[in-house]
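Data from work_27.pdb: PDB, C-alpha atoms
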ATOM      1  CA  MET F  30      72.277 151.454  75.203  1.00  0.00           C
ATOM      2  CA  THR F  31      72.289 147.795  74.257  1.00  0.00           C
ATOM      3  CA  PHE F  32      73.971 144.969  76.090  1.00  0.00           C
ATOM      4  CA  THR F  33      75.688 142.069  74.443  1.00  0.00           C
ATOM      5  CA  PRO F  34      76.446 138.755  76.148  1.00  0.00           C
ATOM      6  CA  SER F  35      80.112 139.741  76.466  1.00  0.00           C
ATOM      7  CA  ASP F  36      79.149 142.895  78.419  1.00  0.00           C
ATOM      8  CA  THR F  37      77.346 141.009  81.151  1.00  0.00           C
ATOM      9  CA  ILE F  38      78.978 138.955  83.861  1.00  0.00           C
ATOM     10  CA  VAL F  39      77.009 136.028  85.091  1.00  0.00           C
ATOM     11  CA  GLU F  40      78.119 134.364  88.302  1.00  0.00           C
ATOM     12  CA  GLN F  41      77.599 130.630  88.466  1.00  0.00           C
ATOM     13  CA  PRO F  42      76.447 129.220  91.775  1.00  0.00           C
ATOM     14  CA  THR F  43      79.322 127.560  93.655  1.00  0.00           C
ATOM     15  CA  ALA F  44      77.148 125.523  96.017  1.00  0.00           C
ATOM     16  CA  PRO F  45      76.685 121.852  95.158  1.00  0.00           C
ATOM     17  CA  PRO F  46      73.271 120.960  93.689  1.00  0.00           C
ATOM     18  CA  PHE F  47      72.353 118.702  96.659  1.00  0.00           C
ATOM     19  CA  GLU F  48      73.572 117.955 100.177  1.00  0.00           C
ATOM     20  CA  PRO F  49      74.494 114.249 100.370  1.00  0.00           C
ATOM     21  CA  PHE F  50      75.396 111.851 103.143  1.00  0.00           C
ATOM     22  CA  LEU F  51      79.115 111.159 102.634  1.00  0.00           C
ATOM     23  CA  MET F  52      80.431 107.737 103.632  1.00  0.00           C
ATOM     24  CA  ASN F  53      83.862 109.349 104.029  1.00  0.00           C
ATOM     25  CA  PRO F  54      83.385 112.942 105.271  1.00  0.00           C
ATOM     26  CA  GLY F  55      86.919 113.727 104.105  1.00  0.00           C
ATOM     27  CA  ASN F  56      85.610 113.677 100.519  1.00  0.00           C
ATOM     28  CA  ARG F  57      83.536 116.847 101.075  1.00  0.00           C
ATOM     29  CA  ALA F  58      86.232 118.976  99.401  1.00  0.00           C
ATOM     30  CA  PHE F  59      86.158 116.669  96.357  1.00  0.00           C
ATOM     31  CA  PHE F  60      82.348 116.826  96.224  1.00  0.00           C
ATOM     32  CA  GLU F  61      82.440 120.636  96.377  1.00  0.00           C
ATOM     33  CA  GLY F  62      85.053 120.784  93.604  1.00  0.00           C
ATOM     34  CA  LYS F  63      87.829 122.180  95.811  1.00  0.00           C
ATOM     35  CA  THR F  64      90.227 119.281  95.162  1.00  0.00           C
ATOM     36  CA  HIS F  65      90.708 116.628  92.507  1.00  0.00           C
ATOM     37  CA  GLN F  66      91.883 113.832  94.785  1.00  0.00           C
ATOM     38  CA  LEU F  67      89.728 111.412  96.727  1.00  0.00           C
ATOM     39  CA  VAL F  68      90.472 110.828 100.395  1.00  0.00           C
ATOM     40  CA  GLY F  69      91.379 107.223 101.049  1.00  0.00           C
ATOM     41  CA  ALA F  70      93.045 106.532  97.689  1.00  0.00           C
ATOM     42  CA  GLU F  71      96.423 105.615  99.146  1.00  0.00           C
ATOM     43  CA  TYR F  72      98.337 104.150  96.215  1.00  0.00           C
ATOM     44  CA  TRP F  73     100.904 102.323  98.340  1.00  0.00           C
ATOM     45  CA  LYS F  74      98.144 100.318 100.023  1.00  0.00           C
ATOM     46  CA  LEU F  75      96.836  99.192  96.652  1.00  0.00           C
ATOM     47  CA  GLY F  76     100.313  97.947  95.729  1.00  0.00           C
ATOM     48  CA  LEU F  77     100.789  96.257  99.100  1.00  0.00           C
ATOM     49  CA  PHE F  78      97.554  94.287  98.801  1.00  0.00           C
ATOM     50  CA  ALA F  79      98.507  93.216  95.288  1.00  0.00           C
ATOM     51  CA  ALA F  80     101.876  92.003  96.599  1.00  0.00           C
ATOM     52  CA  LEU F  81     100.288  89.988  99.408  1.00  0.00           C
ATOM     53  CA  GLU F  82      97.793  88.352  97.058  1.00  0.00           C
ATOM     54  CA  GLY F  83     100.527  87.461  94.589  1.00  0.00           C
ATOM     55  CA  PHE F  84     102.833  85.948  97.196  1.00  0.00           C
ATOM     56  CA  ALA F  85     100.038  83.882  98.736  1.00  0.00           C
ATOM     57  CA  VAL F  86      99.026  82.362  95.395  1.00  0.00           C
ATOM     58  CA  ILE F  87     102.585  81.671  94.276  1.00  0.00           C
ATOM     59  CA  ALA F  88     103.578  80.213  97.677  1.00  0.00           C
ATOM     60  CA  VAL F  89     100.864  77.592  97.282  1.00  0.00           C
ATOM     61  CA  VAL F  90     102.075  76.754  93.760  1.00  0.00           C
ATOM     62  CA  TYR F  91     105.682  76.508  94.998  1.00  0.00           C
ATOM     63  CA  TYR F  92     104.704  74.266  97.925  1.00  0.00           C
ATOM     64  CA  VAL F  93     102.791  71.909  95.616  1.00  0.00           C
ATOM     65  CA  GLY F  94     105.801  71.840  93.274  1.00  0.00           C
ATOM     66  CA  LEU F  95     108.193  70.959  96.105  1.00  0.00           C
ATOM     67  CA  SER F  96     106.047  68.054  97.199  1.00  0.00           C
ATOM     68  CA  SER F  97     106.255  66.507  93.716  1.00  0.00           C
ATOM     69  CA  GLY F  98     109.815  65.181  94.252  1.00  0.00           C
ATOM     70  CA  LEU F  99     111.927  67.490  92.072  1.00  0.00           C
ATOM     71  CA  ASP F 100     115.730  67.417  92.124  1.00  0.00           C
ATOM     72  CA  ALA F 101     117.791  70.503  93.120  1.00  0.00           C
ATOM     73  CA  GLN F 102     117.849  71.978  89.612  1.00  0.00           C
ATOM     74  CA  GLY F 103     114.098  71.451  89.202  1.00  0.00           C
ATOM     75  CA  LYS F 104     113.408  73.145  92.556  1.00  0.00           C
ATOM     76  CA  PHE F 105     115.547  76.121  91.525  1.00  0.00           C
ATOM     77  CA  LEU F 106     113.749  76.458  88.181  1.00  0.00           C
ATOM     78  CA  LEU F 107     110.394  76.186  89.970  1.00  0.00           C
ATOM     79  CA  LEU F 108     111.466  78.932  92.383  1.00  0.00           C
ATOM     80  CA  VAL F 109     112.545  81.230  89.521  1.00  0.00           C
ATOM     81  CA  LEU F 110     109.310  80.539  87.644  1.00  0.00           C
ATOM     82  CA  CYS F 111     107.214  81.251  90.754  1.00  0.00           C
ATOM     83  CA  MET F 112     109.077  84.504  91.432  1.00  0.00           C
ATOM     84  CA  PHE F 113     108.537  85.616  87.826  1.00  0.00           C
ATOM     85  CA  LEU F 114     104.825  84.762  87.980  1.00  0.00           C
ATOM     86  CA  ALA F 115     104.470  86.581  91.315  1.00  0.00           C
ATOM     87  CA  ALA F 116     106.136  89.707  89.910  1.00  0.00           C
ATOM     88  CA  LEU F 117     103.974  89.597  86.782  1.00  0.00           C
ATOM     89  CA  TYR F 118     100.784  89.126  88.820  1.00  0.00           C
ATOM     90  CA  MET F 119     101.647  91.947  91.225  1.00  0.00           C
ATOM     91  CA  TYR F 120     102.455  94.307  88.364  1.00  0.00           C
ATOM     92  CA  ARG F 121      99.186  93.621  86.538  1.00  0.00           C
ATOM     93  CA  VAL F 122      96.969  93.890  89.622  1.00  0.00           C
ATOM     94  CA  TRP F 123      98.783  96.945  90.946  1.00  0.00           C
ATOM     95  CA  ARG F 124      98.608  98.662  87.550  1.00  0.00           C
ATOM     96  CA  SER F 125      94.870  98.070  87.156  1.00  0.00           C
ATOM     97  CA  ARG F 126      94.098  99.254  90.698  1.00  0.00           C
ATOM     98  CA  ILE F 127      96.261 102.352  90.378  1.00  0.00           C
ATOM     99  CA  ARG F 128      94.735 103.118  86.984  1.00  0.00           C
ATOM    100  CA  PHE F 129      91.241 102.893  88.517  1.00  0.00           C
ATOM    101  CA  ALA F 130      92.224 105.091  91.488  1.00  0.00           C
ATOM    102  CA  ILE F 131      93.584 107.755  89.128  1.00  0.00           C
ATOM    103  CA  ARG F 132      90.879 107.590  86.431  1.00  0.00           C
ATOM    104  CA  LEU F 133      87.877 107.674  88.736  1.00  0.00           C
ATOM    105  CA  PRO F 134      88.374 111.184  90.178  1.00  0.00           C
ATOM    106  CA  ARG F 135      89.771 112.537  86.912  1.00  0.00           C
ATOM    107  CA  ASP F 136      87.195 111.220  84.439  1.00  0.00           C
ATOM    108  CA  GLY F 137      84.227 110.318  86.669  1.00  0.00           C
ATOM    109  CA  HIS F 138      81.072 112.346  87.165  1.00  0.00           C
ATOM    110  CA  ILE F 139      79.207 112.914  90.410  1.00  0.00           C
ATOM    111  CA  ILE F 140      75.742 111.370  90.300  1.00  0.00           C
ATOM    112  CA  GLN F 141      73.067 111.681  92.957  1.00  0.00           C
ATOM    113  CA  GLY F 142      71.815 108.450  94.450  1.00  0.00           C
ATOM    114  CA  VAL F 143      69.603 107.373  97.323  1.00  0.00           C
ATOM    115  CA  LEU F 144      70.536 105.547 100.514  1.00  0.00           C
ATOM    116  CA  THR F 145      68.432 102.376 100.718  1.00  0.00           C
ATOM    117  CA  ASN F 146      69.809 100.762 103.897  1.00  0.00           C
ATOM    118  CA  PHE F 147      72.113 101.809 106.751  1.00  0.00           C
ATOM    119  CA  GLN F 148      73.632  99.517 109.393  1.00  0.00           C
ATOM    120  CA  SER F 149      76.133 100.507 112.055  1.00  0.00           C
ATOM    121  CA  GLU F 150      77.644  98.101 114.569  1.00  0.00           C
ATOM    122  CA  PHE F 151      80.018  98.884 117.431  1.00  0.00           C
ATOM    123  CA  VAL F 152      83.169  96.738 117.339  1.00  0.00           C
ATOM    124  CA  GLU F 153      84.947  96.509 120.695  1.00  0.00           C
ATOM    125  CA  GLN F 154      88.730  96.461 121.003  1.00  0.00           C
ATOM    126  CA  MET F 155      90.922  96.057 124.067  1.00  0.00           C
ATOM    127  CA  SER F 156      93.753  98.596 124.081  1.00  0.00           C
ATOM    128  CA  GLU F 157      96.140  98.725 127.055  1.00  0.00           C
ATOM    129  CA  GLY F 158      93.494  97.396 129.402  1.00  0.00           C
ATOM    130  CA  VAL F 159      90.850  99.860 128.238  1.00  0.00           C
ATOM    131  CA  ILE F 160      87.836  98.799 126.216  1.00  0.00           C
ATOM    132  CA  ASP F 161      87.707 100.934 123.114  1.00  0.00           C
ATOM    133  CA  GLY F 162      86.223 100.453 119.702  1.00  0.00           C
ATOM    134  CA  TYR F 163      84.814 101.880 116.537  1.00  0.00           C
ATOM    135  CA  TYR F 164      81.632 101.731 114.511  1.00  0.00           C
ATOM    136  CA  TRP F 165      81.581  99.521 111.410  1.00  0.00           C
ATOM    137  CA  THR F 166      79.146 101.047 108.956  1.00  0.00           C
ATOM    138  CA  LYS F 167      77.544  99.277 105.998  1.00  0.00           C
ATOM    139  CA  VAL F 168      75.276 101.065 103.565  1.00  0.00           C
ATOM    140  CA  SER F 169      73.285 100.074 100.499  1.00  0.00           C
ATOM    141  CA  TYR F 170      72.470 102.639  97.849  1.00  0.00           C
ATOM    142  CA  SER F 171      71.007 102.920  94.390  1.00  0.00           C
ATOM    143  CA  PHE F 172      71.340 105.413  91.582  1.00  0.00           C
ATOM    144  CA  LEU F 173      70.279 105.927  88.014  1.00  0.00           C
ATOM    145  CA  ALA F 174      73.257 105.570  85.682  1.00  0.00           C
ATOM    146  CA  PRO F 175      73.127 106.432  81.977  1.00  0.00           C
ATOM    147  CA  SER F 176      72.714 102.715  81.236  1.00  0.00           C
ATOM    148  CA  GLY F 177      70.001 102.128  83.842  1.00  0.00           C
ATOM    149  CA  HIS F 178      69.357 101.494  87.526  1.00  0.00           C
ATOM    150  CA  ILE F 179      72.364 100.332  89.614  1.00  0.00           C
ATOM    151  CA  GLU F 180      72.470  99.194  93.240  1.00  0.00           C
ATOM    152  CA  GLY F 181      75.651  99.066  95.298  1.00  0.00           C
ATOM    153  CA  GLU F 182      77.015  98.467  98.779  1.00  0.00           C
ATOM    154  CA  SER F 183      79.829 100.074 100.695  1.00  0.00           C
ATOM    155  CA  SER F 184      81.287  99.603 104.149  1.00  0.00           C
ATOM    156  CA  ALA F 185      83.819 101.431 106.283  1.00  0.00           C
ATOM    157  CA  GLY F 186      84.948 101.952 109.831  1.00  0.00           C
ATOM    158  CA  GLY F 187      83.903 105.182 111.444  1.00  0.00           C
ATOM    159  CA  TYR F 188      81.280 106.853 113.551  1.00  0.00           C
ATOM    160  CA  ARG F 189      78.065 108.090 112.038  1.00  0.00           C
ATOM    161  CA  ASP F 190      75.891 110.305 114.188  1.00  0.00           C
ATOM    162  CA  PRO F 191      73.087 110.907 113.531  1.00  0.00           C
ATOM    163  CA  GLN F 192      72.325 107.892 111.428  1.00  0.00           C
ATOM    164  CA  PRO F 193      70.846 108.776 108.062  1.00  0.00           C
ATOM    165  CA  GLU F 194      67.456 107.441 107.118  1.00  0.00           C
ATOM    166  CA  PRO F 195      66.695 105.483 103.942  1.00  0.00           C
ATOM    167  CA  GLY F 196      65.936 107.963 101.177  1.00  0.00           C
ATOM    168  CA  THR F 197      68.804 110.287 102.165  1.00  0.00           C
ATOM    169  CA  PRO F 198      70.688 111.582  99.103  1.00  0.00           C
ATOM    170  CA  VAL F 199      74.194 110.182  98.504  1.00  0.00           C
ATOM    171  CA  ALA F 200      76.928 111.196  96.068  1.00  0.00           C
ATOM    172  CA  ILE F 201      78.448 108.585  93.776  1.00  0.00           C
ATOM    173  CA  ILE F 202      81.406 109.230  91.524  1.00  0.00           C
ATOM    174  CA  TYR F 203      80.586 107.308  88.352  1.00  0.00           C
ATOM    175  CA  LEU F 204      82.906 106.334  85.524  1.00  0.00           C
ATOM    176  CA  ASP F 205      80.990 103.414  84.011  1.00  0.00           C
ATOM    177  CA  ASP F 206      78.781 100.535  85.166  1.00  0.00           C
ATOM    178  CA  LYS F 207      81.753  98.653  86.647  1.00  0.00           C
ATOM    179  CA  HIS F 208      83.677 101.621  88.081  1.00  0.00           C
ATOM    180  CA  TYR F 209      81.862 103.789  90.606  1.00  0.00           C
ATOM    181  CA  LEU F 210      82.355 104.711  94.241  1.00  0.00           C
ATOM    182  CA  LEU F 211      80.187 106.075  97.034  1.00  0.00           C
ATOM    183  CA  LEU F 212      81.760 109.270  98.330  1.00  0.00           C
TER     184      LEU F 212
END
If you convert what's in this file into structure tokens, what do you get?
Amino acid sequence: MTFTPSDTIVEQPTAPPFEPFLMNPGNRAFFEGKTHQLVGAEYWKLGLFAALEGFAVIAVVYYVGLSSGLDAQGKFLLLVLCMFLAALYMYRVWRSRIRFAIRLPRDGHIIQGVLTNFQSEFVEQMSEGVIDGYYWTKVSYSFLAPSGHIEGESSAGGYRDPQPEPGTPVAIIYLDDKHYLLL
């Protein structure tokens, strides 16, 4: 009796190839291939930040224009121009950020990196008369991309216990040399 490749069933291992430190533990399901969406990619927040940036820049332009002594028609035209520029700016920034947030998990590849530095600082907050707080974590990491060695930094609020040591493996989702993210 002879066996052909179609007669045999080979099970692929489902465990990830390494066990990384995850900056956002909610991304474990993405790392393990159980979901295709990153935790923390809230699209409405990306649009909100783009709107705030646009309004701040255009408000300064409008204020400078008002102080130049325009008549009523000139002020109205300046206002319309500023609103158009703000809308155009917000659309372009929002579109590029949303495109990045969608492309990264869809087209990116998980690459193993190494944690090079870890800092965690407790930030106190007063809430209803009670001292509370959170840990602000900042990490540095490096990885070998197809184009060469890349170093990056990431920071987030959250509690990390126990603290990882330098040399701990990390998972980076990599699209290209400008678009990558520590999971």
Between F:Val143, F:Phe105, F:Ala115, F:Phe59, which has the minimum distance to F:Leu81 (counting all atoms listed in the file)? F:Ala115
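Note that the spacing between atom CA of F:Pro49 and atom CA of F:Ala200 amounts to 5.8 Å.
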Please, which residues are within 12 Å of (84.4, 119.1, 94.9) by the file's coordinates, counting all atoms listed in the file, and could they come as a JSON list (two decimals) with C-alpha atoms, keeping the file's coordinate frame?
[["chain", "number", "residue", "atom", "x", "y", "z"],
["F", 43, "THR", "CA", 79.32, 127.56, 93.66],
["F", 44, "ALA", "CA", 77.15, 125.52, 96.02],
["F", 45, "PRO", "CA", 76.68, 121.85, 95.16],
["F", 46, "PRO", "CA", 73.27, 120.96, 93.69],
["F", 55, "GLY", "CA", 86.92, 113.73, 104.10],
["F", 56, "ASN", "CA", 85.61, 113.68, 100.52],
["F", 57, "ARG", "CA", 83.54, 116.85, 101.08],
["F", 58, "ALA", "CA", 86.23, 118.98, 99.40],
["F", 59, "PHE", "CA", 86.16, 116.67, 96.36],
["F", 60, "PHE", "CA", 82.35, 116.83, 96.22],
["F", 61, "GLU", "CA", 82.44, 120.64, 96.38],
["F", 62, "GLY", "CA", 85.05, 120.78, 93.60],
["F", 63, "LYS", "CA", 87.83, 122.18, 95.81],
["F", 64, "THR", "CA", 90.23, 119.28, 95.16],
["F", 65, "HIS", "CA", 90.71, 116.63, 92.51],
["F", 66, "GLN", "CA", 91.88, 113.83, 94.78],
["F", 67, "LEU", "CA", 89.73, 111.41, 96.73],
["F", 68, "VAL", "CA", 90.47, 110.83, 100.40],
["F", 134, "PRO", "CA", 88.37, 111.18, 90.18],
["F", 135, "ARG", "CA", 89.77, 112.54, 86.91],
["F", 138, "HIS", "CA", 81.07, 112.35, 87.16],
["F", 139, "ILE", "CA", 79.21, 112.91, 90.41],
["F", 200, "ALA", "CA", 76.93, 111.20, 96.07],
["F", 202, "ILE", "CA", 81.41, 109.23, 91.52],
["F", 212, "LEU", "CA", 81.76, 109.27, 98.33]]
Any idea what the distance is between atom CA of F:Gln148 and atom CA of F:Gln192?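 Interatomic distance, atom CA of F:Gln148 to atom CA of F:Gln192: 8.7 Å.
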Which residue out of F:Phe147, F:Trp165, F:Tyr92, F:Phe172 has the minimum interatomic distance to F:Tyr203 when only C-alpha atoms are used?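 Smallest distance to F:Tyr203 is found for F:Phe172.
Once the PyMOL selection byres ((chain F and resi 162) around 12) is applied to the depicted file, the selected set reads Glu150, Phe151, Val152, Glu153, Gln154, Met155, Ser156, Val159, Ile160, Asp161, Tyr163, Tyr164, Trp165, Gly186, Gly187 and Tyr188 of chain F.
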Restricting the calculation to all atoms listed in the file: of F:Ser176, F:Met112, F:Ala101, F:Leu106, which residue gets closest to F:Ala88?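 Residue with the minimum atom-to-atom distance to F:Ala88: F:Met112.
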What gap, in Å, lies between atom CA of F:Thr145 and atom CA of F:Arg132?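 About the pair atom CA of F:Thr145 and atom CA of F:Arg132: they are 27.1 Å apart.
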Could you check the closest approach to F:Trp123 for each of F:Val109, F:Glu82, F:Gly177, F:Val168 and tell me which residue wins, using only C-alpha atoms? F:Glu82
Need the shell around F:Pro198: protein/DNA/RNA residues with any atom at most 9 Å away, counting only C-alpha atoms. Skip same-chain ones fewer than 6 positions apart. Format as a ChimeraX atom specification? /F:47-50,141-144
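Here the question is which of F:Phe84, F:Tyr209, F:Tyr120, F:Tyr91 gets nearest to F:Lys104 using all atoms listed in the file, and that residue is F:Tyr91.
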Residues returned when the PyMOL selection byres ((chain F and resi 183) around 9) runs on this file, as a PDB file with C-alpha atoms, in the coordinates of the input:
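Result went into result_39.pdb, see below:
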ATOM      1  CA  MET F  52      80.431 107.737 103.632  1.00  0.00           C
ATOM      2  CA  THR F 166      79.146 101.047 108.956  1.00  0.00           C
ATOM      3  CA  LYS F 167      77.544  99.277 105.998  1.00  0.00           C
ATOM      4  CA  VAL F 168      75.276 101.065 103.565  1.00  0.00           C
ATOM      5  CA  SER F 169      73.285 100.074 100.499  1.00  0.00           C
ATOM      6  CA  TYR F 170      72.470 102.639  97.849  1.00  0.00           C
ATOM      7  CA  GLY F 181      75.651  99.066  95.298  1.00  0.00           C
ATOM      8  CA  GLU F 182      77.015  98.467  98.779  1.00  0.00           C
ATOM      9  CA  SER F 184      81.287  99.603 104.149  1.00  0.00           C
ATOM     10  CA  ALA F 185      83.819 101.431 106.283  1.00  0.00           C
ATOM     11  CA  LEU F 210      82.355 104.711  94.241  1.00  0.00           C
ATOM     12  CA  LEU F 211      80.187 106.075  97.034  1.00  0.00           C
TER      13      LEU F 211
END
Padded axis-aligned box of stretch 195-200 of chain F (6 Å per side), centre and edge lengths, Å, one decimal, as AutoDock Vina command-line options:
--center_x 71.4 --center_y 108.5 --center_z 100.0 --size_x 23.0 --size_y 18.1 --size_z 19.9
